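A.B. asks: Here it is: the structure, laid out below.
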Amino acid sequence: MKVLVIGSGGREHAIAWKLAQSEKVVKVYVAPGNGGTAIEAACENAPASLGDPATEAGQDALIGFVQREGIALTVVGPEVPLALGIVDRFRASIAVPPFPGATYTFTTFSDWANFHAMACSRN
């Protein structure tokens with residue numbers, strides 16, 4: 001199976017590296033990826049033309065990439081694309097939603113709960 005890991009940090013590198021070790025995985029794409037994921041044997045950074053996954057245009061480009069490449073699993077690392085509704089956009093466009101499957105509503109609630117807890121602890 002082909003896998004897409006969304007993100008460019010060390011966490012996403014570790015996720016991609018571990019996924020690539022599975023016998024079921026034939027290719028791991030990382031978008032946008034980083035220098036470390038670029039040199040992993042079973043990983044490949046997705047084309048830079050896909051753009052920023054934290055924007056609507058970047059998310060649309062990723063959806064097209066997933067469809068073209070036949071990707072079976074997408075893993076979202078960074079919080080910003082989750083908070084901007086990437087899971088909702090994937091669910092509306094393709095049959096395979098990303099993991100974790102935190103929707104915009106959930107991440108908005110989670111962000112608000114964290115803000116509320118932080119504000120209350122200050123007062």
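Chains: A, B, ... in order of the structure tokens. Residues: from 1 per chain. Ligands: from 1, in order shown.
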As a ChimeraX atom specification, please: the residues near Gly64 of chain A (cut-off 12 Å, only C-alpha atoms, same-chain neighbours under 4 positions excluded).
C.D. replies: /A:49-50,57-60,68-71,89-90,93-94
A.B. asks: Keeping C-alpha atoms for every residue in the selection just given, could you write it to a file as a PDB file, in the first residue's frame?
C.D. replies:
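Final file, result-v2.pdb:
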```pdb
ATOM      1  CA  SER A  49       4.213  22.030  -6.268  1.00  0.00           C
ATOM      2  CA  LEU A  50       1.575  20.563  -3.933  1.00  0.00           C
ATOM      3  CA  ALA A  57      -5.170  25.214  -2.176  1.00  0.00           C
ATOM      4  CA  GLY A  58      -2.524  22.933  -0.648  1.00  0.00           C
ATOM      5  CA  GLN A  59      -5.174  20.616   0.764  1.00  0.00           C
ATOM      6  CA  ASP A  60      -6.919  20.426  -2.613  1.00  0.00           C
ATOM      7  CA  ARG A  68      -3.629  10.111  -8.674  1.00  0.00           C
ATOM      8  CA  GLU A  69      -1.155   7.980  -6.710  1.00  0.00           C
ATOM      9  CA  GLY A  70      -3.707   5.542  -5.260  1.00  0.00           C
ATOM     10  CA  ILE A  71      -2.691   6.274  -1.682  1.00  0.00           C
ATOM     11  CA  ARG A  89     -12.023  18.214   3.081  1.00  0.00           C
ATOM     12  CA  PHE A  90     -10.633  14.695   2.550  1.00  0.00           C
ATOM     13  CA  SER A  93     -13.608  14.411  -1.656  1.00  0.00           C
ATOM     14  CA  ILE A  94     -12.287  10.868  -1.247  1.00  0.00           C
TER      15      ILE A  94
END
```
A.B. asks: Excluding segment 31-41 of chain A and residues on its chain fewer than 5 positions from it, collect all residues at most 7 Å away from it, counting only C-alpha atoms, and give them as a ChimeraX atom specification.
C.D. replies: /A:5-8,13,46,48
A.B. asks: Keeping only N, CA and C atoms, take the residues you just selected and write them out as a PDB file, in the first residue's frame.
C.D. replies:
```pdb
ATOM      1  N   VAL A   5       2.296  10.878   4.432  1.00  0.00           N
ATOM      2  CA  VAL A   5       2.437  11.518   5.737  1.00  0.00           C
ATOM      3  C   VAL A   5       2.507  13.020   5.472  1.00  0.00           C
ATOM      4  N   ILE A   6       1.620  13.764   6.094  1.00  0.00           N
ATOM      5  CA  ILE A   6       1.590  15.214   5.904  1.00  0.00           C
ATOM      6  C   ILE A   6       2.345  15.874   7.042  1.00  0.00           C
ATOM      7  N   GLY A   7       3.363  16.668   6.702  1.00  0.00           N
ATOM      8  CA  GLY A   7       4.152  17.394   7.680  1.00  0.00           C
ATOM      9  C   GLY A   7       5.603  17.477   7.266  1.00  0.00           C
ATOM     10  N   SER A   8       6.359  18.268   8.012  1.00  0.00           N
ATOM     11  CA  SER A   8       7.760  18.483   7.647  1.00  0.00           C
ATOM     12  C   SER A   8       8.715  18.420   8.835  1.00  0.00           C
ATOM     13  N   HIS A  13       8.877  12.700  10.239  1.00  0.00           N
ATOM     14  CA  HIS A  13       9.988  11.866   9.778  1.00  0.00           C
ATOM     15  C   HIS A  13       9.940  10.519  10.487  1.00  0.00           C
ATOM     16  N   ALA A  46       6.956  14.472  -1.353  1.00  0.00           N
ATOM     17  CA  ALA A  46       5.987  14.782  -2.405  1.00  0.00           C
ATOM     18  C   ALA A  46       6.452  16.026  -3.148  1.00  0.00           C
ATOM     19  N   ALA A  48       7.049  19.607  -4.444  1.00  0.00           N
ATOM     20  CA  ALA A  48       6.862  20.906  -3.789  1.00  0.00           C
ATOM     21  C   ALA A  48       5.688  21.673  -4.381  1.00  0.00           C
TER      22      ALA A  48
END
```
A.B. asks: So which residues touch Thr55 of chain A within 10 Å, counting only C-alpha atoms, skipping near sequence neighbours fewer than 4 positions away, as an mmCIF file with N, CA and C atoms, in the first residue's frame?
C.D. replies:
```cif
data_model
loop_
_atom_site.group_PDB
_atom_site.id
_atom_site.type_symbol
_atom_site.label_atom_id
_atom_site.label_comp_id
_atom_site.auth_asym_id
_atom_site.auth_seq_id
_atom_site.Cartn_x
_atom_site.Cartn_y
_atom_site.Cartn_z
ATOM 1 N N GLY A 51 2.245 22.449 -2.590
ATOM 2 C CA GLY A 51 2.006 23.614 -1.737
ATOM 3 C C GLY A 51 1.919 23.280 -0.259
ATOM 4 N N GLN A 59 -4.369 21.787 0.422
ATOM 5 C CA GLN A 59 -5.174 20.616 0.764
ATOM 6 C C GLN A 59 -5.840 20.035 -0.475
ATOM 7 N N ASP A 60 -6.333 20.905 -1.357
ATOM 8 C CA ASP A 60 -6.919 20.426 -2.613
ATOM 9 C C ASP A 60 -5.880 19.703 -3.459
ATOM 10 N N ALA A 61 -4.660 20.248 -3.490
ATOM 11 C CA ALA A 61 -3.579 19.615 -4.253
ATOM 12 C C ALA A 61 -3.235 18.253 -3.658
ATOM 13 N N VAL A 80 -1.990 22.314 12.661
ATOM 14 C CA VAL A 80 -2.611 23.394 11.881
ATOM 15 C C VAL A 80 -3.515 22.864 10.764
ATOM 16 N N PRO A 81 -3.063 21.918 9.922
ATOM 17 C CA PRO A 81 -3.992 21.401 8.908
ATOM 18 C C PRO A 81 -5.231 20.744 9.527
ATOM 19 N N LEU A 84 -7.578 23.415 10.533
ATOM 20 C CA LEU A 84 -8.164 24.094 9.370
ATOM 21 C C LEU A 84 -9.094 23.180 8.568
ATOM 22 N N GLY A 85 -9.356 21.968 9.089
ATOM 23 C CA GLY A 85 -10.372 21.123 8.492
ATOM 24 C C GLY A 85 -9.921 20.174 7.401
ATOM 25 N N ILE A 86 -8.659 19.771 7.386
ATOM 26 C CA ILE A 86 -8.179 18.884 6.324
ATOM 27 C C ILE A 86 -8.946 17.556 6.307
#
```
A.B. asks: Using only C-alpha atoms, which of the listed residues (A:Ala20, A:Val30, A:Leu73, A:Leu82) sits closest to Asn45 of chain A?
C.D. replies: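 Checking each of A:Ala20, A:Val30, A:Leu73, A:Leu82 against Asn45 of chain A, counting only C-alpha atoms, the winner is A:Val30.
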A.B. asks: With only C-alpha atoms as the basis for distance, which of A:Val25, A:Leu4, A:Ala54, A:Ile63 is at the shortest distance from Glu79 of chain A?
C.D. replies: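 Comparing A:Val25, A:Leu4, A:Ala54, A:Ile63 against Glu79 of chain A, the winner is A:Ala54.
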A.B. asks: Using only C-alpha atoms for the distances, tell me which of A:Arg91, A:Ala42, A:Ala83, A:Gly77 is nearest to Ile15 of chain A.
C.D. replies: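 Nearest candidate to Ile15 of chain A out of A:Arg91, A:Ala42, A:Ala83, A:Gly77: A:Gly77.
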A.B. asks: If I take atom CA of Ala16 of chain A and atom CA of Tyr29 of chain A, how far is one from the other in Å, to one decimal?
C.D. replies: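 Taking atom CA of Ala16 of chain A as the start and atom CA of Tyr29 of chain A as the end point, the length is 7.9 Å.
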